[in-house]
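Engineer: Quick one, upload.txt (compact mmCIF, C-alpha atoms):
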# COMPACT_ATOMS: atom_id res chain seq x y z
CA MET A 15 -82.16 -21.29 -10.54
CA ASN A 16 -79.36 -18.74 -10.24
CA GLU A 17 -81.23 -17.10 -7.35
CA GLN A 18 -81.38 -20.46 -5.55
CA LYS A 19 -77.61 -20.83 -5.82
CA LYS A 20 -77.09 -17.35 -4.41
CA GLN A 21 -79.46 -18.06 -1.54
CA LYS A 22 -77.66 -21.31 -0.77
CA GLN A 23 -74.32 -19.51 -0.81
CA ARG A 24 -75.68 -16.87 1.60
CA GLU A 25 -76.88 -19.62 3.94
CA GLN A 26 -73.49 -21.34 3.81
CA MET A 27 -71.72 -18.05 4.53
CA ALA A 28 -74.03 -17.37 7.49
CA GLN A 29 -73.40 -20.88 8.82
CA ALA A 30 -69.63 -20.39 8.45
CA ARG A 31 -69.86 -17.09 10.35
CA ARG A 32 -71.82 -18.76 13.16
CA GLN A 33 -69.20 -21.53 13.31
CA MET A 34 -66.40 -18.97 13.57
CA GLU A 35 -68.29 -17.08 16.29
CA ARG A 36 -68.74 -20.32 18.28
CA ARG A 37 -65.07 -21.08 17.82
CA GLU A 38 -63.99 -17.62 19.01
CA LYS A 39 -66.34 -17.86 22.02
CA ILE A 40 -64.79 -21.21 22.99
CA PHE A 41 -61.30 -19.79 22.53
CA ALA A 42 -62.15 -16.80 24.74
CA GLU A 43 -63.39 -19.10 27.52
CA TYR A 44 -60.66 -21.75 27.14
CA PRO A 45 -57.32 -20.18 26.16
CA GLU A 46 -55.47 -23.50 26.57
CA ILE A 47 -57.69 -25.06 23.90
CA LYS A 48 -57.00 -22.09 21.66
CA MET A 49 -53.25 -22.62 22.05
CA PHE A 50 -53.61 -26.33 21.31
CA VAL A 51 -55.77 -25.78 18.20
CA LYS A 52 -53.43 -23.08 16.87
CA ARG A 53 -50.38 -25.33 17.40
CA LYS A 54 -52.12 -28.27 15.76
CA GLU A 55 -53.17 -26.16 12.77
CA SER A 56 -49.66 -24.67 12.45
CA CYS A 57 -48.03 -28.11 12.49
CA LEU A 58 -50.44 -29.49 9.92
CA LYS A 59 -50.13 -26.42 7.66
CA PHE A 60 -46.34 -26.84 7.78
CA LEU A 61 -46.71 -30.51 6.79
CA LEU A 62 -49.05 -29.59 3.93
CA LEU A 63 -46.64 -26.96 2.59
CA PHE A 64 -43.48 -29.03 3.15
CA GLY A 65 -45.03 -32.07 1.46
CA ALA A 66 -46.25 -30.03 -1.49
CA ILE A 67 -42.83 -28.47 -2.04
CA LEU A 68 -41.07 -31.80 -1.62
CA TYR A 69 -43.27 -33.72 -4.04
CA ALA A 70 -43.29 -30.84 -6.54
CA LEU A 71 -39.47 -30.77 -6.54
CA ARG A 72 -39.38 -34.53 -7.03
CA ALA A 73 -41.84 -34.31 -9.94
CA VAL A 74 -39.83 -31.54 -11.62
CA LEU A 75 -36.57 -33.44 -11.13
CA ILE A 76 -38.02 -36.65 -12.53
CA GLN A 77 -39.41 -34.74 -15.51
CA GLY A 78 -36.02 -33.14 -16.10
CA MET A 79 -34.17 -36.45 -15.86
CA THR A 80 -36.57 -38.45 -18.00
CA GLY A 81 -37.66 -35.73 -20.40
CA GLY A 82 -41.31 -36.49 -19.67
CA SER A 83 -44.20 -34.18 -20.43
CA THR A 84 -45.59 -31.52 -18.13
CA GLY A 85 -48.85 -33.46 -17.90
CA ALA A 86 -46.96 -36.50 -16.67
CA MET A 87 -45.15 -34.32 -14.15
CA ILE A 88 -48.45 -32.95 -12.80
CA PHE A 89 -49.94 -36.43 -12.73
CA GLY A 90 -46.91 -37.71 -10.79
CA PHE A 91 -47.23 -34.87 -8.29
CA VAL A 92 -50.94 -35.51 -7.74
CA MET A 93 -50.45 -39.27 -7.42
CA GLY A 94 -47.47 -38.91 -5.10
CA TYR A 95 -48.83 -36.20 -2.84
CA GLY A 96 -52.60 -36.24 -3.35
CA LEU A 97 -53.48 -38.83 -0.75
CA TYR A 98 -51.18 -37.27 1.86
CA PHE A 99 -52.79 -33.91 1.17
CA VAL A 100 -56.29 -35.29 1.71
CA LEU A 101 -55.31 -37.17 4.85
CA LEU A 102 -53.48 -34.17 6.34
CA LEU A 103 -56.50 -31.98 5.66
CA ALA A 104 -58.65 -34.56 7.42
CA CYS A 105 -56.26 -34.40 10.38
CA MET A 106 -57.28 -30.76 10.79
CA SER A 107 -60.79 -31.90 11.65
CA HIS A 108 -62.09 -30.92 15.06
CA GLN A 109 -63.42 -34.47 15.44
CA PHE A 110 -60.76 -36.37 17.34
CA LYS A 111 -61.49 -39.83 15.90
CA VAL A 112 -61.48 -38.56 12.31
CA SER A 113 -58.26 -36.66 12.89
CA ALA A 114 -56.53 -39.59 14.61
CA PHE A 115 -57.68 -42.14 12.03
CA SER A 116 -56.49 -39.91 9.18
CA GLY A 117 -53.09 -39.49 10.76
CA ILE A 118 -52.72 -43.23 11.25
CA LEU A 119 -53.79 -43.86 7.64
CA CYS A 120 -51.18 -41.36 6.48
CA ILE A 121 -48.45 -43.24 8.36
CA VAL A 122 -49.63 -46.66 7.15
CA ASN A 123 -49.83 -45.46 3.52
CA PHE A 124 -46.29 -44.12 3.70
CA ILE A 125 -44.95 -47.35 5.19
CA LEU A 126 -46.66 -49.44 2.52
CA ASN A 127 -45.34 -47.23 -0.30
CA TYR A 128 -41.76 -47.29 0.95
CA THR A 129 -41.83 -51.00 1.69
CA ARG A 130 -42.88 -51.69 -1.89
CA GLY A 131 -40.25 -49.29 -3.17
CA LEU A 132 -37.48 -50.93 -1.15
CA GLN A 133 -38.59 -54.35 -2.34
CA LYS A 134 -38.29 -53.20 -5.94
CA ILE A 135 -34.87 -51.66 -5.33
CA SER A 136 -33.62 -54.74 -3.48
CA ALA A 137 -34.23 -56.79 -6.63
CA TYR A 138 -31.18 -54.97 -8.06
CA GLY A 139 -28.99 -55.41 -4.99
CA ASN A 140 -28.49 -54.03 -1.53
CA PRO A 141 -30.50 -50.76 -1.23
CA LEU A 142 -27.75 -49.14 0.89
CA ASP A 143 -25.15 -49.84 -1.80
CA ILE A 144 -27.50 -48.57 -4.50
CA TYR A 145 -28.13 -45.31 -2.62
CA ARG A 146 -24.42 -44.91 -1.86
CA GLU A 147 -23.68 -45.12 -5.59
CA ALA A 148 -26.61 -42.82 -6.36
CA PHE A 149 -25.18 -40.20 -3.98
CA LYS A 150 -21.87 -40.35 -5.84
CA ALA A 151 -23.42 -40.09 -9.31
CA GLN A 152 -26.49 -37.90 -8.74
CA PRO A 153 -26.53 -36.44 -5.21
CA LEU A 154 -29.56 -34.21 -5.78
CA ALA A 155 -31.62 -37.08 -7.16
CA ALA A 156 -30.64 -39.34 -4.27
CA ILE A 157 -31.46 -36.66 -1.70
CA LEU A 158 -34.85 -35.97 -3.27
CA ASP A 159 -35.55 -39.68 -3.43
CA LEU A 160 -34.84 -40.09 0.28
CA SER A 161 -36.36 -36.78 1.42
CA PRO A 162 -39.87 -38.25 1.84
CA LEU A 163 -38.37 -40.06 4.83
CA LEU A 164 -37.96 -36.65 6.46
CA PHE A 165 -41.58 -35.86 5.56
CA PHE A 166 -42.57 -39.20 7.11
CA ALA A 167 -40.62 -38.37 10.28
CA PHE A 168 -42.44 -35.05 10.58
CA ILE A 169 -45.80 -36.75 10.05
CA CYS A 170 -44.98 -39.35 12.72
CA ILE A 171 -43.90 -36.69 15.19
CA VAL A 172 -47.08 -34.64 14.71
CA VAL A 173 -49.46 -37.62 14.76
CA LEU A 174 -47.78 -39.13 17.81
CA TRP A 175 -47.83 -35.71 19.50
CA LEU A 176 -51.56 -35.51 18.87
CA LEU A 177 -52.33 -39.08 19.93
CA LEU A 178 -49.90 -40.04 22.66
CA VAL A 179 -49.71 -36.86 24.72
CA PRO A 180 -52.67 -37.17 27.13
CA LYS A 181 -53.10 -33.40 27.43
CA ASN A 182 -53.46 -33.06 23.64
CA ARG A 183 -56.01 -35.88 23.45
CA ARG A 184 -57.97 -34.27 26.26
CA PHE A 185 -57.92 -30.85 24.59
CA ALA A 186 -58.96 -32.34 21.24
CA MET A 187 -61.88 -34.22 22.77
CA GLN A 188 -62.90 -31.24 24.90
CA TYR A 189 -62.85 -28.92 21.87
CA GLU A 190 -65.00 -31.40 19.93
CA GLU A 191 -67.51 -31.59 22.79
CA LEU A 192 -67.64 -27.81 23.18
CA LEU A 193 -68.30 -27.34 19.47
CA LYS A 194 -71.10 -29.92 19.57
CA ALA A 195 -72.62 -28.35 22.70
CA SER A 196 -72.67 -24.85 21.22
CA THR A 197 -74.72 -25.81 18.16
Would you mind giving the structure from this file in structure tokens?
Structural biologist:
Amino acid sequence: MNEQKKQKQREQMAQARRQMERREKIFAEYPEIKMFVKRKESCLKFLLLFGAILYALRAVLIQGMTGGSTGAMIFGFVMGYGLYFVLLLACMSHQFKVSAFSGILCIVNFILNYTRGLQKISAYGNPLDIYREAFKAQPLAAILDLSPLLFFAFICIVVLWLLLVPKNRRFAMQYEELLKAST
């Protein structure tokens, strides 16, 4: 049984090497696709890291303010950032439709979450007045509460850059076709 696992791992490693060789061959023949893929991966890696730092800081701040447990803090981080993490990883896919759909889902999820949050806040009064008072009393907490809007802006910029710029769509679809053709 252990030998079967090792054999399967060797096969997976060989397949990964072949995939990387195909990718490098495509990049050698089409440098513009290489530049596009590298830019796309860099943007998405930035979003992954920025989002992780942002939501981790929020979880730590909330734990510090409420005196909650570390387990609750970790749970809050996973629940707050987990779906964005999965969707941003899916955006890295070389399949254009999967990548585009994941980016759109990420935007829709964010809009739904913030709409619900603003509805809850508006039950206590005007959200702008509430945040103005929060900035006076606890500026760090107010900034961290609004900072996901910056994360959302970055996500929108990257997804719109991938979807609305015709050259990027063309490169993404061409890269997908080249990978399929080289198998």
Engineer: Against range 166-171 of chain A, which residues of range 112-132 of chain A fall within 9 Å? For each one I want the closest pair of atoms and the distance in Å (one decimal), counting all atoms listed in the file, rows by chain and increasing residue number, as a tab-separated table.
Structural biologist:
residue	atom	partner	partner_atom	distance
A:Gly117	CA	A:Ile169	CA	7.8
A:Ile118	CA	A:Cys170	CA	8.8
A:Cys120	CA	A:Ile169	CA	7.9
A:Ile121	CA	A:Cys170	CA	6.8
A:Phe124	CA	A:Phe166	CA	7.0
A:Ile125	CA	A:Phe166	CA	8.7
Engineer: Quick one: residues within 12 Å of Thr129 in chain A, all atoms listed in the file, excluding same-chain residues fewer than 6 positions away - as a list in words?
Structural biologist: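 What passes the distance filter is Val122, Asn123, Ile135, Ser136, Pro141 and Leu163 of chain A.
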Engineer: Please report the interatomic distance between CA of Ala155 in chain A and CA of Leu75 in chain A in Å with one decimal.
Structural biologist: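 According to the coordinates, CA of Ala155 in chain A and CA of Leu75 in chain A are separated by 7.3 Å.
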Engineer: Please indicate the distance in Å from CA of Cys105 in chain A to CA of Gln133 in chain A, rounded to one decimal place.
Structural biologist: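 About the pair CA of Cys105 in chain A and CA of Gln133 in chain A: they are 29.5 Å apart.
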Engineer: One decimal, in Å: what's the spacing between CA of Ala151 in chain A and CA of Phe89 in chain A?
Structural biologist: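 Distance between the two atoms: 27.0 Å.
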Engineer: Here is a test: counting all atoms listed in the file, which residue of A:Ser83, A:Gln21, A:Ser113, A:Gln33 is nearest to Leu176 in chain A?
Structural biologist: A:Ser113
Engineer: Given all atoms listed in the file as the basis, pick out the residue of A:Asn127, A:Phe185, A:Asp159, A:Ala195 nearest to Lys52 in chain A.
Structural biologist: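 Of A:Asn127, A:Phe185, A:Asp159, A:Ala195, the one nearest Lys52 in chain A, counting all atoms listed in the file, is A:Phe185.
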Engineer: For range 186-190 of chain A, find every residue with an atom within 6 Å (counting all atoms listed in the file), except residues of its own chain fewer than 4 positions away, and show them as a PyMOL selection string.
Structural biologist: chain A and resi 108-110
Engineer: Using only C-alpha atoms for the distances, tell me which of A:Ser116, A:Thr80, A:Asn16, A:Asn182 is nearest to Leu97 in chain A.
Structural biologist: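 For Leu97 in chain A, the nearest of the candidates is A:Ser116.
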